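This report concerns only the one structure given below.
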Amino acid sequence: MLEHNWTGSFTKPAPSLYPHQWNWDAGFIAIGYARYAPQRALADLAHLFRGQWAHGMLPQIVFGDDPEARYFPGPDFWQTWRSPLAPRQPLTSGITMPPVHGIALWFLLQSAPDEQTGLEWIRPLFDKVVAAHRYLYQYRDPQEEGLVYIRHPWESGTDNSPVWDEPLRRIEVDRDRLPPYARQDLQNPEAARHRPTDDDYDRYVWLVDLFRRHDYDDKAIEAECPFLVQDPLFNAILAWANECLVAIGGMLGEDMRDLLEWNELTIFSINRQLWDPTQGRYAAHDLVADRLLPTHSSSALMPLIAGAPDMDQARQLLEWLDSAAFSGTPDEPAWLCPTFDMQHPDFDPERYWRGPVWVNMNWLLYHGLQRYGLGRHARRLKYDTIELLERFGFCEYFDPRKNAPVQKGYGTDHFSWSAALCIDLLAM
Ligand code: 2M8
């Protein structure tokens, strides 16, 4: 599948639905390649970082040049040439994504025949990944508390999660003033049931329009953007990646004091700011309303990957994972791990990030559980993931209900990170 999606210069997330290169997809894909084709991983990541902006932002999409590629929004819609910081070539989108690349470098290093070789492989990428973290701390952490915000649901990677509904509702869309656009993602008959709704897309487009009107100036956007959220998933990935970079930097003899300080603050603030003691889990913090968002997705478990929770917090997270929210009931058993609370009225087992199981989230949670010595849970997560792929194909996402009358996974098939992370899980 990865061969199939390799274009000659980068790996697409999927054959036609996602015809360009995506930021966190490339990180997960590199983790799979690391197991059998590390040079391919390095080439893929090198291509991604060609799209890095002058101030360090690593864009969500690096566009390829296939004239047949159909994707909205493409480069003409993003118009990133309005910013002096954006590369002229390759063209990119104007937002970022969860920074998994430090973690990918760590996995590449682990897969090398020896430490020296591994360090030589990743050396050319190291400073670029650090620069992407520096961008996040300098431009996305206005209160200098070690927590970075996202300014678009696409930056979360969990695009239409019910958690974003509340801050998105703040956006009043006037269709007459919205730039005209045509979705390209509804080409198969099931897509309208599985993908985000048109109302979601109107808000996604509204936000892009705001960004481009401000020529992608971070400060100007921050002053006006109604969607500024500190996501536990994004910040937990940042913290795990910081940790990986600090370890690699130590081996390379680099001065890692900045990253160490930032990371200490990030872990501290994940617990101080994002822990919801009334629920016993992490939550996203809405910077505009200055409050914790009341709905919680499986992202609320993810600070486990960064070692942020203490043992008592970890126990509360585990209880939640074991509850009907994620593990289902005797009548309605679940594959681990639904991305949203199955008992919540907003849960939708078929719609994208509102409930289905995603392989990248399972892979992350697997590592979080291992980190806390929760081997039995980690194994269940691993074998559920492999069984889903075996039964339903290398799809993009899966119905979490074991009793669901389905023969196949949802979304596109030949999905790169489902294949890549399966390789890694099997090799582990
Ligand atoms: C999905 O997001 C893109 C926009 O970035 C889309 O829906 O068009 C998400 O699942 C995201 O996490 C993923 O990186 C991307 C490509 O696989 O697709």
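We name chains A, B, ... following the order of the structure tokens; residues begin at 1 in each chain, and ligands are numbered from 1 as shown.
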Write out as an mmCIF file with N, CA, C and O atoms, in the first residue's frame each polymer residue whose atoms come within 10 Å of Arg123 (chain A), counting only C-alpha atoms; drop sequence neighbours fewer than 6 positions from it.
```
data_model
loop_
_atom_site.group_PDB
_atom_site.id
_atom_site.type_symbol
_atom_site.label_atom_id
_atom_site.label_comp_id
_atom_site.auth_asym_id
_atom_site.auth_seq_id
_atom_site.Cartn_x
_atom_site.Cartn_y
_atom_site.Cartn_z
ATOM 1 N N LEU A 105 11.531 10.697 14.128
ATOM 2 C CA LEU A 105 13.008 10.645 14.108
ATOM 3 C C LEU A 105 13.507 9.634 15.141
ATOM 4 O O LEU A 105 14.450 8.886 14.891
ATOM 5 N N THR A 117 25.049 5.406 12.606
ATOM 6 C CA THR A 117 24.335 5.443 11.316
ATOM 7 C C THR A 117 23.005 6.165 11.488
ATOM 8 O O THR A 117 22.630 7.009 10.666
ATOM 9 N N ILE A 248 17.647 12.879 21.355
ATOM 10 C CA ILE A 248 18.469 12.866 20.138
ATOM 11 C C ILE A 248 19.512 13.987 20.201
ATOM 12 O O ILE A 248 20.696 13.782 19.894
ATOM 13 N N GLY A 249 19.056 15.170 20.625
ATOM 14 C CA GLY A 249 19.965 16.317 20.721
ATOM 15 C C GLY A 249 21.138 16.003 21.638
ATOM 16 O O GLY A 249 22.280 16.393 21.366
ATOM 17 N N LEU A 252 23.591 14.099 19.773
ATOM 18 C CA LEU A 252 24.250 14.910 18.740
ATOM 19 C C LEU A 252 25.133 16.003 19.345
ATOM 20 O O LEU A 252 25.788 16.744 18.625
#
```
| task | Check the DSSP output for the backbone and give back, as a PyMOL selection string, the residues of region 35-201 of chain A in helix (DSSP H, G or I). | result | chain A and resi 38-49+75-78+80-82+101-111+115-139+153-156+162-169+191-194+198-201
Could you write those residues out with C-alpha atoms, as an mmCIF file, in the first residue's frame?
```cif
data_model
loop_
_atom_site.group_PDB
_atom_site.id
_atom_site.type_symbol
_atom_site.label_atom_id
_atom_site.label_comp_id
_atom_site.auth_asym_id
_atom_site.auth_seq_id
_atom_site.Cartn_x
_atom_site.Cartn_y
_atom_site.Cartn_z
ATOM 1 C CA PRO A 38 14.365 3.908 6.288
ATOM 2 C CA GLN A 39 15.766 5.745 3.248
ATOM 3 C CA ARG A 40 12.240 6.110 1.928
ATOM 4 C CA ALA A 41 11.147 7.567 5.287
ATOM 5 C CA LEU A 42 13.967 10.080 5.125
ATOM 6 C CA ALA A 43 13.126 11.061 1.545
ATOM 7 C CA ASP A 44 9.465 11.452 2.440
ATOM 8 C CA LEU A 45 10.218 13.644 5.457
ATOM 9 C CA ALA A 46 12.761 15.675 3.474
ATOM 10 C CA HIS A 47 10.023 16.403 0.936
ATOM 11 C CA LEU A 48 7.630 17.476 3.693
ATOM 12 C CA PHE A 49 10.166 19.849 5.214
ATOM 13 C CA PRO A 75 -3.195 26.057 -3.447
ATOM 14 C CA ASP A 76 -5.388 28.554 -5.322
ATOM 15 C CA PHE A 77 -7.732 28.704 -2.391
ATOM 16 C CA TRP A 78 -5.044 28.953 0.276
ATOM 17 C CA THR A 80 -0.164 31.360 0.750
ATOM 18 C CA TRP A 81 1.860 33.557 -1.608
ATOM 19 C CA ARG A 82 0.234 36.404 0.364
ATOM 20 C CA HIS A 101 8.047 14.285 13.468
ATOM 21 C CA GLY A 102 10.362 14.299 16.492
ATOM 22 C CA ILE A 103 8.754 10.985 17.453
ATOM 23 C CA ALA A 104 9.320 9.695 13.902
ATOM 24 C CA LEU A 105 13.008 10.645 14.108
ATOM 25 C CA TRP A 106 13.271 8.679 17.335
ATOM 26 C CA PHE A 107 11.747 5.580 15.722
ATOM 27 C CA LEU A 108 14.094 5.969 12.757
ATOM 28 C CA LEU A 109 17.048 6.134 15.117
ATOM 29 C CA GLN A 110 15.845 2.971 16.879
ATOM 30 C CA SER A 111 15.598 1.121 13.567
ATOM 31 C CA GLU A 115 23.568 4.676 16.718
ATOM 32 C CA GLN A 116 26.150 6.408 14.508
ATOM 33 C CA THR A 117 24.335 5.443 11.316
ATOM 34 C CA GLY A 118 20.992 6.458 12.779
ATOM 35 C CA LEU A 119 22.286 9.851 13.818
ATOM 36 C CA GLU A 120 23.713 10.411 10.343
ATOM 37 C CA TRP A 121 20.328 9.589 8.844
ATOM 38 C CA ILE A 122 18.360 12.009 10.951
ATOM 39 C CA ARG A 123 20.930 14.800 11.342
ATOM 40 C CA PRO A 124 19.711 16.816 8.306
ATOM 41 C CA LEU A 125 16.137 16.798 9.642
ATOM 42 C CA PHE A 126 16.842 17.448 13.298
ATOM 43 C CA ASP A 127 17.219 21.260 13.205
ATOM 44 C CA LYS A 128 14.127 21.569 11.033
ATOM 45 C CA VAL A 129 11.999 19.638 13.483
ATOM 46 C CA VAL A 130 13.346 21.741 16.363
ATOM 47 C CA ALA A 131 12.495 24.876 14.348
ATOM 48 C CA ALA A 132 8.910 23.637 13.968
ATOM 49 C CA HIS A 133 8.664 23.285 17.769
ATOM 50 C CA ARG A 134 10.222 26.725 18.232
ATOM 51 C CA TYR A 135 7.526 28.170 15.953
ATOM 52 C CA LEU A 136 4.811 26.591 18.111
ATOM 53 C CA TYR A 137 6.211 27.987 21.341
ATOM 54 C CA GLN A 138 6.921 31.425 19.877
ATOM 55 C CA TYR A 139 3.734 31.989 17.903
ATOM 56 C CA PRO A 153 -10.043 22.102 13.382
ATOM 57 C CA TRP A 154 -7.819 20.818 10.545
ATOM 58 C CA GLU A 155 -4.835 21.640 12.751
ATOM 59 C CA SER A 156 -6.042 19.120 15.313
ATOM 60 C CA PRO A 162 -17.692 16.977 18.630
ATOM 61 C CA VAL A 163 -15.279 18.787 20.957
ATOM 62 C CA TRP A 164 -14.907 21.546 18.341
ATOM 63 C CA ASP A 165 -18.664 22.071 17.914
ATOM 64 C CA GLU A 166 -18.947 24.633 20.684
ATOM 65 C CA PRO A 167 -16.155 26.998 19.601
ATOM 66 C CA LEU A 168 -17.170 26.571 15.950
ATOM 67 C CA ARG A 169 -20.729 27.638 16.758
ATOM 68 C CA ALA A 191 -19.124 10.004 1.760
ATOM 69 C CA ALA A 192 -21.959 12.363 2.717
ATOM 70 C CA ARG A 193 -22.795 10.059 5.630
ATOM 71 C CA HIS A 194 -19.203 9.594 6.707
ATOM 72 C CA ASP A 198 -21.494 21.127 4.690
ATOM 73 C CA ASP A 199 -22.008 23.271 7.792
ATOM 74 C CA ASP A 200 -18.624 22.102 9.051
ATOM 75 C CA TYR A 201 -17.033 22.929 5.707
#
```
#### Entry: Contacts of Ala427 (chain A) at 12 Å (only C-alpha atoms; same-chain gap of 2+ positions) as number ranges by chain
A: 31-36, 111, 382, 386, 420-425
Cut-off 10 Å, only C-alpha atoms and all ligand atoms, neighbours of ligand 1 as number ranges by chain: A: 12-14, 17-26, 28, 60-61, 71-73, 93, 95-98, 152-160, 183-185, 195-196, 201, 204, 352-353, 358, 360, 396-397, 411-412, 415-417
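Minimum distance to Leu274 (chain A) across A:Arg212, A:His55, A:Arg257, A:His296 (counting only C-alpha atoms) occurs at A:His296.
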TODO: Kindly indicate which residue among A:Gln313, A:Ser298, A:Asn5, A:Gln89 lies nearest to His414 (chain A), using only C-alpha atoms for the distances.
DONE: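 Nearest to His414 (chain A): A:Asn5.
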**Message:** Which residue is closest to His4 (chain A)? Choose from A:Val357, A:Val406, A:Leu85, A:Ala419 and count only C-alpha atoms.
**Reply:**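 Of A:Val357, A:Val406, A:Leu85, A:Ala419, the one nearest His4 (chain A), counting only C-alpha atoms, is A:Ala419.
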task = Find the residues around Trp206 (chain A) up to 10 Å (only C-alpha atoms counted), leave out those fewer than 3 positions away in its own chain, and share them as a PyMOL selection string.
result = chain A and resi 171-175+177-179+200-203+209-211
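Nearest residue to Arg379 (chain A) among A:Gly51, A:Leu233, A:Leu365, A:Arg391 is A:Leu365, counting only C-alpha atoms.
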Using only C-alpha atoms, the residue out of A:Met1, A:Val359, A:Ala54, A:Ala86 with shortest distance to Tyr216 (chain A) is A:Ala86
| said: With DSSP run on the backbone, what are the strand (DSSP E) residues within region 240-369 of chain A? I'd like them as a count of residues only. | reply: 8
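Residue nearest Pro226 (chain A) within the list A:Pro356, A:Asp290, A:Ala404, A:Arg50: A:Asp290 [criterion: smallest interatomic distance, only C-alpha atoms].
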CA of Pro338 (chain A) to CA of Gly375 (chain A) measures 19.2 Å
